[in-house]
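*Asks:* Below you'll find final16.cif; it's mmCIF, C-alpha atoms and all ligand atoms.
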```
data_query
#
loop_
_atom_site.label_atom_id
_atom_site.label_comp_id
_atom_site.auth_asym_id
_atom_site.auth_seq_id
_atom_site.Cartn_x
_atom_site.Cartn_y
_atom_site.Cartn_z
CA MET A 1 150.09 189.29 290.75
CA HIS A 2 150.44 193.08 291.02
CA SER A 3 152.04 192.80 294.47
CA ASN A 4 155.10 191.15 292.88
CA LEU A 5 155.78 194.12 290.60
CA PRO A 6 158.53 196.47 291.74
CA ILE A 7 157.18 199.83 292.91
CA GLY A 8 156.98 202.22 289.98
CA SER A 9 157.08 199.51 287.27
CA VAL A 10 154.69 199.99 284.41
CA ARG A 11 152.37 197.48 282.76
CA SER A 12 151.19 199.24 279.62
CA ARG A 13 147.46 199.30 278.86
CA LEU A 14 148.39 199.85 275.21
CA PRO A 15 151.60 197.84 274.71
CA HIS A 16 151.32 197.84 270.90
CA VAL A 17 151.00 201.60 270.55
CA LYS A 18 154.29 203.20 269.61
CA GLY A 19 153.14 206.82 269.27
CA SER A 20 151.25 208.52 266.49
CA ILE A 21 152.50 207.84 262.95
CA PHE A 22 151.10 211.25 261.98
CA SER A 23 153.25 213.19 264.40
CA ALA A 24 156.29 210.94 263.76
CA LEU A 25 156.23 211.61 260.00
CA SER A 26 155.57 215.31 260.52
CA ARG A 27 158.71 215.42 262.69
CA VAL A 28 160.82 213.70 260.01
CA ALA A 29 159.37 215.98 257.32
CA LYS A 30 160.44 218.98 259.38
CA GLN A 31 163.92 217.54 259.86
CA TYR A 32 164.40 217.28 256.06
CA ASP A 33 162.51 220.48 255.33
CA ALA A 34 160.18 218.41 253.14
CA ILE A 35 156.72 219.50 251.97
CA ASN A 36 154.48 217.79 254.48
CA LEU A 37 151.46 216.18 252.82
CA SER A 38 151.50 213.33 255.35
CA GLN A 39 149.24 214.75 258.06
CA GLY A 40 145.69 215.95 257.53
CA PHE A 41 145.77 219.64 258.28
CA PRO A 42 145.38 222.75 256.10
CA ASP A 43 148.35 225.10 255.63
CA PHE A 44 146.11 228.03 254.65
CA ALA A 45 144.58 230.59 257.01
CA PRO A 46 141.07 230.18 258.43
CA ASP A 47 138.32 232.76 257.94
CA PRO A 48 139.68 236.00 259.49
CA ARG A 49 136.30 236.46 261.22
CA LEU A 50 137.08 233.34 263.24
CA LEU A 51 140.32 234.80 264.60
CA GLU A 52 138.64 238.13 265.34
CA SER A 53 135.82 236.34 267.15
CA LEU A 54 138.33 234.41 269.24
CA ALA A 55 140.04 237.62 270.32
CA THR A 56 136.65 239.18 271.11
CA ALA A 57 135.55 236.11 273.11
CA ALA A 58 138.76 236.03 275.16
CA ASN A 59 138.71 239.80 275.71
CA SER A 60 135.07 239.90 276.75
CA GLY A 61 135.21 237.41 279.59
CA HIS A 62 134.49 234.03 277.94
CA ASN A 63 137.36 232.35 279.77
CA GLN A 64 135.86 230.18 282.50
CA TYR A 65 134.47 226.63 282.62
CA GLY A 66 131.71 225.99 280.15
CA MET A 67 128.99 223.33 280.41
CA PRO A 68 130.08 219.70 279.89
CA GLU A 69 127.69 219.37 276.93
CA GLY A 70 129.31 222.39 275.23
CA SER A 71 128.28 225.93 274.33
CA GLU A 72 124.58 226.24 273.62
CA ALA A 73 125.23 228.66 270.76
CA LEU A 74 127.63 226.25 269.07
CA ARG A 75 125.29 223.28 269.52
CA ARG A 76 122.54 225.34 267.88
CA SER A 77 124.85 226.24 264.96
CA ILE A 78 125.61 222.53 264.45
CA ALA A 79 121.90 221.64 264.59
CA ARG A 80 121.28 224.30 261.91
CA MET A 81 124.05 222.80 259.77
CA TYR A 82 122.34 219.39 259.85
CA GLU A 83 119.03 220.99 258.95
CA ASP A 84 120.58 222.99 256.07
CA LEU A 85 122.64 220.11 254.68
CA TYR A 86 120.45 217.06 255.31
CA SER A 87 117.01 218.42 256.32
CA LEU A 88 117.54 216.60 259.61
CA ARG A 89 116.22 217.79 262.95
CA ILE A 90 118.72 217.09 265.71
CA SER A 91 118.08 218.47 269.18
CA ALA A 92 120.83 220.90 270.21
CA ASP A 93 119.81 220.38 273.84
CA ALA A 94 119.60 216.60 274.05
CA GLU A 95 121.46 215.20 271.05
CA ILE A 96 124.54 217.33 270.30
CA THR A 97 127.66 217.42 272.48
CA ILE A 98 130.84 219.43 271.95
CA THR A 99 134.10 217.52 272.44
CA ALA A 100 137.85 218.13 272.32
CA GLY A 101 138.11 217.10 268.67
CA ALA A 102 136.39 214.15 267.02
CA THR A 103 139.12 212.03 268.62
CA GLN A 104 137.59 212.61 272.05
CA ALA A 105 134.08 212.04 270.71
CA ILE A 106 135.19 208.62 269.43
CA SER A 107 136.81 207.54 272.70
CA ALA A 108 133.94 208.88 274.83
CA ALA A 109 131.34 207.13 272.67
CA VAL A 110 133.16 203.81 272.96
CA SER A 111 133.91 204.15 276.70
CA GLY A 112 130.40 205.31 277.48
CA LEU A 113 128.52 202.68 275.52
CA VAL A 114 130.65 199.52 275.27
CA HIS A 115 131.32 197.22 278.23
CA PRO A 116 134.48 195.24 279.03
CA GLY A 117 134.36 191.87 277.26
CA GLU A 118 132.18 193.11 274.39
CA GLU A 119 133.46 193.31 270.80
CA VAL A 120 133.62 196.28 268.46
CA ILE A 121 134.03 195.81 264.71
CA PHE A 122 135.98 198.34 262.69
CA LEU A 123 137.05 198.35 259.06
CA ALA A 124 140.71 198.64 258.04
CA PRO A 125 142.50 200.67 256.85
CA ALA A 126 141.28 202.67 259.84
CA PHE A 127 141.96 205.95 261.60
CA GLU A 128 144.54 205.29 264.30
CA SER A 129 142.38 206.02 267.36
CA TYR A 130 139.69 203.35 266.85
CA ALA A 131 141.51 200.26 268.15
CA PRO A 132 143.12 202.03 271.16
CA SER A 133 139.74 203.54 272.12
CA ILE A 134 138.19 200.06 272.06
CA LEU A 135 141.05 198.60 274.11
CA MET A 136 140.88 201.42 276.67
CA ALA A 137 137.21 200.53 277.20
CA GLY A 138 138.28 196.95 278.04
CA ALA A 139 136.57 195.68 274.89
CA THR A 140 137.95 193.61 272.01
CA PRO A 141 138.65 195.19 268.60
CA VAL A 142 137.58 193.03 265.64
CA CYS A 143 139.22 194.27 262.47
CA VAL A 144 137.70 193.55 259.05
CA ASP A 145 140.19 194.26 256.25
CA LEU A 146 138.91 196.07 253.17
CA PRO A 147 140.68 195.10 249.94
CA ALA A 148 143.20 197.60 248.47
CA PRO A 149 143.21 199.78 246.50
CA ARG A 150 139.49 200.72 246.41
CA PHE A 151 138.56 199.60 249.92
CA GLU A 152 134.94 198.77 249.15
CA VAL A 153 133.06 197.18 252.05
CA ASP A 154 132.35 193.46 251.75
CA TRP A 155 129.19 193.40 253.87
CA GLU A 156 128.99 189.57 253.79
CA GLU A 157 132.43 189.44 255.39
CA VAL A 158 131.43 192.05 257.99
CA GLU A 159 128.38 189.94 258.85
CA ARG A 160 130.54 186.82 259.25
CA ARG A 161 132.62 188.64 261.86
CA VAL A 162 129.62 189.52 264.06
CA SER A 163 129.47 187.38 267.21
CA PRO A 164 127.07 187.22 270.17
CA HIS A 165 129.50 189.62 271.92
CA THR A 166 129.50 192.32 269.21
CA ARG A 167 128.09 195.58 270.55
CA MET A 168 129.22 198.26 268.12
CA ILE A 169 130.52 198.80 264.60
CA ILE A 170 132.70 201.81 263.71
CA VAL A 171 132.42 203.07 260.14
CA ASN A 172 133.92 206.06 258.35
CA SER A 173 132.67 208.00 255.33
CA PRO A 174 134.28 209.85 253.58
CA HIS A 175 136.94 207.28 254.32
CA ASN A 176 140.39 208.14 255.54
CA PRO A 177 142.75 207.21 253.88
CA SER A 178 140.98 206.29 250.60
CA GLY A 179 138.46 209.12 250.13
CA ARG A 180 135.80 206.55 249.30
CA CYS A 181 132.25 207.65 250.22
CA TRP A 182 129.29 205.43 251.03
CA ASN A 183 126.60 204.87 248.49
CA SER A 184 122.99 204.21 249.46
CA ASN A 185 123.61 200.44 249.25
CA ASP A 186 126.33 200.69 251.94
CA VAL A 187 123.99 202.57 254.26
CA ASP A 188 121.19 200.08 253.59
CA ARG A 189 123.48 197.11 254.34
CA LEU A 190 124.78 198.79 257.49
CA ALA A 191 121.24 199.44 258.71
CA THR A 192 120.17 195.84 258.01
CA LEU A 193 123.21 194.48 259.83
CA ALA A 194 122.81 196.81 262.83
CA GLU A 195 119.12 195.99 263.17
CA ARG A 196 119.58 192.24 262.76
CA HIS A 197 122.28 192.05 265.45
CA ASN A 198 121.15 194.97 267.61
CA LEU A 199 124.41 196.88 267.18
CA LEU A 200 125.30 200.46 267.99
CA VAL A 201 126.93 202.36 265.11
CA LEU A 202 129.73 204.87 265.55
CA SER A 203 129.81 206.76 262.30
CA ASP A 204 132.94 208.86 261.83
CA GLU A 205 131.90 211.58 259.38
CA VAL A 206 134.60 214.17 260.08
CA TYR A 207 134.94 214.90 256.32
CA HIS A 208 131.19 215.21 255.67
CA ASN A 209 131.64 218.80 254.41
CA MET A 210 134.13 217.67 251.78
CA VAL A 211 132.23 215.37 249.43
CA PHE A 212 132.94 216.09 245.76
CA ASP A 213 130.82 213.81 243.63
CA GLY A 214 127.31 213.72 245.00
CA PRO A 215 125.71 214.36 248.38
CA HIS A 216 127.12 212.95 251.61
CA ILE A 217 124.81 210.38 253.18
CA THR A 218 124.90 210.75 256.95
CA ALA A 219 124.02 207.62 258.92
CA LEU A 220 121.57 209.72 260.95
CA SER A 221 119.40 210.19 257.87
CA GLU A 222 118.59 206.45 257.70
CA PRO A 223 115.54 205.90 259.94
CA ARG A 224 116.71 202.42 260.98
CA LEU A 225 119.99 203.92 262.22
CA ARG A 226 118.71 207.15 263.78
CA GLU A 227 118.27 205.81 267.34
CA ARG A 228 121.34 203.56 267.42
CA THR A 229 124.01 205.77 265.80
CA ILE A 230 126.53 208.25 267.15
CA VAL A 231 127.84 210.54 264.41
CA VAL A 232 131.13 212.27 265.15
CA GLY A 233 132.25 215.45 263.40
CA SER A 234 135.23 217.80 263.54
CA LEU A 235 134.84 221.57 263.48
CA GLY A 236 138.65 221.69 263.29
CA LYS A 237 138.31 220.17 259.80
CA THR A 238 135.23 222.16 258.81
CA MET A 239 136.72 225.53 259.83
CA HIS A 240 140.40 224.85 258.89
CA VAL A 241 141.66 224.97 262.50
CA THR A 242 142.53 221.38 263.42
CA GLY A 243 144.70 222.61 266.33
CA TRP A 244 141.71 224.14 268.09
CA ARG A 245 140.61 220.59 268.94
CA ILE A 246 136.87 221.12 268.74
CA GLY A 247 134.58 218.35 267.52
CA TYR A 248 131.14 217.00 268.33
CA ALA A 249 128.95 213.95 268.68
CA ALA A 250 125.35 213.80 267.49
CA ALA A 251 123.19 210.94 268.78
CA ALA A 252 119.78 210.10 270.21
CA ALA A 253 119.28 211.38 273.78
CA PRO A 254 119.88 208.09 275.67
CA LEU A 255 123.23 207.57 273.87
CA THR A 256 124.18 211.22 274.31
CA ALA A 257 123.51 211.05 278.06
CA GLU A 258 126.07 208.24 278.49
CA LEU A 259 128.67 209.91 276.30
CA ARG A 260 128.34 213.17 278.27
CA LYS A 261 129.08 211.31 281.53
CA ILE A 262 132.48 210.27 280.14
CA LEU A 263 133.31 213.78 278.94
CA GLN A 264 132.42 215.26 282.30
CA PHE A 265 135.17 213.19 283.91
CA THR A 266 137.79 213.48 281.20
CA THR A 267 137.96 217.14 280.13
CA TYR A 268 134.84 218.40 281.99
CA ALA A 269 134.18 220.78 279.06
CA ALA A 270 135.80 221.87 275.79
CA PRO A 271 137.61 225.27 275.79
CA THR A 272 135.15 228.15 276.21
CA PRO A 273 136.51 230.98 274.00
CA LEU A 274 137.15 228.63 271.06
CA GLN A 275 133.56 227.38 271.12
CA GLN A 276 132.29 230.93 271.44
CA ALA A 277 134.30 232.04 268.39
CA MET A 278 133.15 229.09 266.27
CA ALA A 279 129.52 229.71 267.16
CA GLN A 280 129.82 233.26 265.80
CA VAL A 281 131.17 232.13 262.43
CA LEU A 282 129.75 228.65 261.64
CA ASP A 283 127.01 229.34 259.12
CA ALA A 284 125.86 228.23 255.68
CA SER A 285 128.45 230.42 253.96
CA THR A 286 131.16 228.36 255.71
CA TYR A 287 129.97 224.85 255.00
CA LEU A 288 128.26 225.27 251.64
CA SER A 289 131.50 226.49 250.07
CA LEU A 290 133.60 223.54 251.21
CA PRO A 291 132.82 220.85 248.58
CA ALA A 292 133.86 223.18 245.74
CA LEU A 293 136.96 224.38 247.61
CA PHE A 294 138.25 220.86 248.24
CA ARG A 295 137.15 219.49 244.85
CA GLY A 296 139.29 222.26 243.33
CA LYS A 297 142.26 221.20 245.46
CA ARG A 298 141.88 217.51 244.56
CA ASP A 299 141.64 218.42 240.87
CA ARG A 300 144.71 220.68 241.07
CA PHE A 301 146.70 217.92 242.78
CA LEU A 302 145.69 215.36 240.11
CA ALA A 303 146.33 217.81 237.25
CA GLY A 304 149.80 218.47 238.68
CA LEU A 305 150.54 214.75 238.59
CA ARG A 306 149.54 214.27 234.95
CA GLY A 307 152.36 212.47 233.16
CA SER A 308 153.90 211.17 236.41
CA ARG A 309 154.55 207.51 237.21
CA PHE A 310 152.23 207.59 240.23
CA GLU A 311 148.79 206.13 239.63
CA SER A 312 145.88 207.75 241.46
CA VAL A 313 143.06 205.82 243.13
CA PRO A 314 139.69 207.59 242.60
CA THR A 315 138.81 209.85 245.55
CA SER A 316 135.33 211.28 246.08
CA GLY A 317 135.61 212.96 249.48
CA GLY A 318 137.87 214.12 252.30
CA TYR A 319 141.35 215.62 252.42
CA PHE A 320 143.38 212.86 250.83
CA GLN A 321 144.53 211.29 247.58
CA LEU A 322 145.99 207.78 247.47
CA LEU A 323 148.81 207.25 244.99
CA ASP A 324 150.09 203.86 243.86
CA TYR A 325 153.88 203.88 243.37
CA SER A 326 154.19 200.34 241.87
CA ALA A 327 155.61 201.74 238.61
CA ILE A 328 158.43 203.46 240.54
CA SER A 329 159.44 200.99 243.26
CA THR A 330 158.65 197.64 244.83
CA VAL A 331 159.82 198.44 248.37
CA PRO A 332 157.32 198.38 251.29
CA ASP A 333 155.43 201.61 251.86
CA THR A 334 157.27 202.87 254.96
CA GLN A 335 160.59 202.52 253.15
CA PHE A 336 159.23 204.35 250.12
CA ALA A 337 157.82 207.12 252.35
CA ASP A 338 161.26 207.56 253.98
CA LEU A 339 162.96 207.75 250.57
CA LEU A 340 160.42 210.25 249.34
CA ILE A 341 161.12 212.54 252.29
CA SER A 342 164.91 212.25 252.40
CA GLU A 343 165.65 212.22 248.65
CA HIS A 344 162.73 214.04 247.04
CA GLY A 345 161.51 216.46 249.73
CA VAL A 346 157.86 215.35 249.96
CA ALA A 347 156.16 213.57 252.86
CA GLY A 348 153.25 211.19 252.20
CA LEU A 349 151.75 208.75 254.66
CA PRO A 350 152.18 204.97 254.16
CA VAL A 351 148.81 203.21 254.17
CA SER A 352 150.35 200.61 256.53
CA GLY A 353 149.98 203.34 259.18
CA PHE A 354 146.26 202.43 259.03
CA GLY A 355 146.92 198.67 259.24
CA THR A 356 150.30 196.94 258.89
CA GLN A 357 148.66 194.34 256.62
CA TYR A 358 148.74 197.01 253.86
CA ALA A 359 152.57 197.41 253.88
CA ASN A 360 152.91 195.85 250.43
CA SER A 361 149.95 197.48 248.75
CA ARG A 362 152.33 200.23 247.52
CA LEU A 363 150.03 203.09 248.39
CA LEU A 364 150.87 206.41 249.99
CA ARG A 365 148.31 208.95 251.15
CA PHE A 366 148.80 212.62 250.31
CA CYS A 367 146.85 215.47 251.92
CA PHE A 368 145.70 218.06 249.35
CA ALA A 369 144.11 220.39 251.95
CA LYS A 370 146.92 222.82 251.17
CA SER A 371 147.50 226.16 249.50
CA ASP A 372 147.77 226.12 245.68
CA GLU A 373 151.43 227.00 246.06
CA THR A 374 152.14 223.97 248.28
CA ILE A 375 150.19 221.67 245.95
CA ASP A 376 152.12 222.91 242.90
CA LYS A 377 155.51 222.58 244.59
CA ALA A 378 154.71 219.04 245.77
CA THR A 379 153.36 217.82 242.44
CA ASN A 380 156.40 219.24 240.60
CA LEU A 381 158.62 217.16 242.86
CA LEU A 382 156.44 214.03 242.57
CA ARG A 383 156.27 214.31 238.76
CA ALA A 384 160.05 214.12 238.58
CA LEU A 385 160.20 210.62 240.12
C1 LIG A 401 138.74 209.70 259.98
C2 LIG A 401 139.13 210.62 261.07
N1 LIG A 401 138.46 210.57 262.23
C3 LIG A 401 138.76 211.41 263.24
C4 LIG A 401 139.76 212.33 263.13
C5 LIG A 401 140.06 213.23 264.29
O1 LIG A 401 139.51 214.48 264.14
P1 LIG A 401 139.85 215.64 265.20
O2 LIG A 401 141.07 216.33 264.70
O3 LIG A 401 138.66 216.52 265.22
O4 LIG A 401 140.08 214.96 266.51
C6 LIG A 401 140.50 212.41 261.95
C7 LIG A 401 141.63 213.36 261.84
O5 LIG A 401 142.46 213.28 260.99
C8 LIG A 401 140.18 211.53 260.90
O6 LIG A 401 140.85 211.55 259.74
#
```
Can you turn what I pasted into structure tokens?

*Replies:*
Amino acid sequence: MHSNLPIGSVRSRLPHVKGSIFSALSRVAKQYDAINLSQGFPDFAPDPRLLESLATAANSGHNQYGMPEGSEALRRSIARMYEDLYSLRISADAEITITAGATQAISAAVSGLVHPGEEVIFLAPAFESYAPSILMAGATPVCVDLPAPRFEVDWEEVERRVSPHTRMIIVNSPHNPSGRCWNSNDVDRLATLAERHNLLVLSDEVYHNMVFDGPHITALSEPRLRERTIVVGSLGKTMHVTGWRIGYAAAAAPLTAELRKILQFTTYAAPTPLQQAMAQVLDASTYLSLPALFRGKRDRFLAGLRGSRFESVPTSGGYFQLLDYSAISTVPDTQFADLLISEHGVAGLPVSGFGTQYANSRLLRFCFAKSDETIDKATNLLRAL
């Protein structure tokens, strides 16, 4: 079959992927000089000690290949974070791996642990990299839709979608885009399901440091999930430097060994001076202050919208607030997002970017991980609609 293709012709491995909705909307926001609340990144400066440590690392010779598993000092700092936050002992040597962002941790975990022909369940609305990562591994994505606007998991429905080919389930708490966080019942149901069907669990917990109303429950703290779960995290999110592209995976040694093999042949190792700088600064004073910081930003965003025609969906973790615009317009969400940028100067992300089936749920996602000034400007504009 391939021999009939003209030389140089391309058969896409990901024919349905049209490019990232996040970068596309950020580009349009720039074009209209709109306030960009569509993509999840902070517009405030990181800890100055982090920037000083980066300069020191680069100026003192930390510029060559690191180890594929990542800097030992940074892996130890992450292990300490899990001990401080969750009283969990995770081996820095055998169970923690540094990656180029959580995005790479997700794709390496799927590629390293799922075989062609197997199925991977994920729950929509979902972060954009899950389905392509599954497809790139030659596996089949099985999408279970969560009902808008609260996106609570219907575990009976999840169980119905398990087949003899299911190998992994990808879950996400705090959830992007809704900000919903698991309760202990969700974790219990997940553990029962994973045990019953012998599934691996990929638990995307990149917003674990930003839980406002109660403690975050990491999947690794559930004994029935400890040996079958890969948790992915993002130091870009935790340290307000998403462009540094540093994340990690935490998993039992046999899972970690397979994931590391994939990393070795994709990036070989994450950037050395960035890891060195993060290791110097990542301590309890960084992560213990984050829930209050982001709770304050969520509350400021909601206070700024008081009296507006947008209706907020309760958010208990993460970077984002969902707003329902039904009282303002009945157009599909991408159309409303375009109007909001071009006529009102604010960019929000349509929830259909996380699953086209949500185009008529009339929800946009706004990132409140912004300076107070940006939040106030944006809410003044949104209140006027
Ligand atoms: C749920 C979720 N998972 C993973 C990522 C990727 O994180 P990173 O920037 O560390 O690759 C994001 C980033 O927005 C996210 O929202």

*Asks:* For atom CA of Ile96 of chain A and atom CA of Thr256 of chain A, determine how far apart the two atoms are, in Å to one decimal place.

*Replies:*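 About the pair atom CA of Ile96 of chain A and atom CA of Thr256 of chain A: they are 7.3 Å apart.
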
*Asks:* Go through the chains and note each residue within 8 Å of ligand LIG 401 (chain A), using all atoms listed in the file, then give the set as an MDAnalysis selection string.

*Replies:* chainID A and resid 39:41 100:106 126:127 129 172:177 204:207 232:237 242:243 245:247

*Asks:* Show which residues sit within 8 Å of Ile375 of chain A, as an MDAnalysis selection string. Count all atoms listed in the file, and ignore same-chain residues fewer than 5 positions away.

*Replies:* chainID A and resid 297 300:301 304 368 370

*Asks:* Using all atoms listed in the file, can you list as a list in words the residues within 6 Å of (118.6, 198.3, 260.9)?

*Replies:*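 Answer for this query, in the requested form: Ala191, Thr192, Ala194, Glu195, Arg224 and Leu225 of chain A.
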
*Asks:* Could you tell me which of A:Glu128, A:Glu95, A:Asp188, A:Glu159 comes closest to Ser20 of chain A if we count all atoms listed in the file?

*Replies:*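 Under the stated criterion, the closest residue is A:Glu128.
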
*Asks:* Work out how far atom CA of Ile35 of chain A is from atom CA of Arg306 of chain A, in Å to one decimal.

*Replies:*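 Calculated distance between atom CA of Arg306 of chain A and atom CA of Ile35 of chain A is 19.2 Å.
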
*Asks:* When you draw a straight line from atom CA of Leu323 of chain A to atom CA of Ala292 of chain A, how long is it in Å?

*Replies:*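 Taking atom CA of Leu323 of chain A and atom CA of Ala292 of chain A, their separation equals 21.9 Å.
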
*Asks:* Could you give me, as a list in words, the residues within 12 Å of Ser60 of chain A, counting only C-alpha atoms and dropping anything in the same chain fewer than 5 positions from it?

*Replies:*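 Contacts, with the query itself left out: Ser53, Leu54, Ala55, Thr272, Pro273, Gln276 and Ala277 of chain A.
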
*Asks:* For Pro68 of chain A, which of A:Val153, A:Leu259, A:Met81, A:Leu220 is the closest residue, counting all atoms listed in the file?

*Replies:*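 Under the stated criterion, the closest residue is A:Leu259.
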
*Asks:* Which residues, written as number ranges by chain, have at least one atom at most 9 Å from Pro291 of chain A, with all atoms listed in the file counted and residues fewer than 3 positions away on the same chain left out?

*Replies:* A: 209-213, 287-288, 294-296, 317

*Asks:* Between A:Ile262, A:Val241, A:Ala94, A:Leu85, which residue has the minimum interatomic distance to Leu274 of chain A, considering all atoms listed in the file?

*Replies:* A:Val241

*Asks:* Which of these residues is nearest to Ser87 of chain A, using all atoms listed in the file: A:Ser26, A:Thr140, A:Thr218, A:Ser12?

*Replies:*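 Of A:Ser26, A:Thr140, A:Thr218, A:Ser12, the one nearest Ser87 of chain A, counting all atoms listed in the file, is A:Thr218.
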
*Asks:* Neighbouring residues of Asp283 of chain A were defined as those with any atom within 10 Å, considering all atoms listed in the file; residues of the same chain fewer than 2 positions away were excluded. Please report them as a PyMOL selection string.

*Replies:* chain A and resi 77-78+80-81+84+278-281+285-288

*Asks:* Skipping near chain neighbours, those fewer than 5 positions away, what residues fall within 6 Å of Cys143 of chain A using all atoms listed in the file, listed as a list in words?

*Replies:*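 After dropping sequence-adjacent residues, the list is Ile121, Phe122 and Leu123 of chain A.
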
*Asks:* Rebuild segment 133-145 of chain A so that it carries N, CA and C atoms, then output the result as a tab-separated table (two decimals), in the coordinates of the input.

*Replies:*
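So selection06.tsv came out as:
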```
chain	number	residue	atom	x	y	z
A	133	SER	N	140.95	203.14	271.37
A	133	SER	CA	139.74	203.54	272.12
A	133	SER	C	138.96	202.31	272.58
A	134	ILE	N	138.91	201.30	271.71
A	134	ILE	CA	138.19	200.06	272.06
A	134	ILE	C	138.93	199.35	273.20
A	135	LEU	N	140.25	199.28	273.08
A	135	LEU	CA	141.05	198.60	274.11
A	135	LEU	C	140.94	199.33	275.45
A	136	MET	N	140.95	200.65	275.42
A	136	MET	CA	140.88	201.42	276.67
A	136	MET	C	139.54	201.21	277.37
A	137	ALA	N	138.52	200.82	276.59
A	137	ALA	CA	137.21	200.53	277.20
A	137	ALA	C	137.16	199.09	277.73
A	138	GLY	N	138.25	198.35	277.57
A	138	GLY	CA	138.28	196.95	278.04
A	138	GLY	C	137.57	196.01	277.08
A	139	ALA	N	137.28	196.50	275.88
A	139	ALA	CA	136.57	195.68	274.89
A	139	ALA	C	137.57	195.11	273.88
A	140	THR	N	137.08	194.28	272.97
A	140	THR	CA	137.95	193.61	272.01
A	140	THR	C	137.73	194.18	270.61
A	141	PRO	N	138.80	194.71	269.98
A	141	PRO	CA	138.65	195.19	268.60
A	141	PRO	C	138.59	194.01	267.63
A	142	VAL	N	137.67	194.06	266.70
A	142	VAL	CA	137.58	193.03	265.64
A	142	VAL	C	137.74	193.76	264.32
A	143	CYS	N	138.88	193.50	263.66
A	143	CYS	CA	139.22	194.27	262.47
A	143	CYS	C	138.83	193.52	261.20
A	144	VAL	N	138.04	194.14	260.34
A	144	VAL	CA	137.70	193.55	259.05
A	144	VAL	C	138.48	194.32	257.98
A	145	ASP	N	139.34	193.60	257.26
A	145	ASP	CA	140.19	194.26	256.25
A	145	ASP	C	139.40	194.53	254.97
```
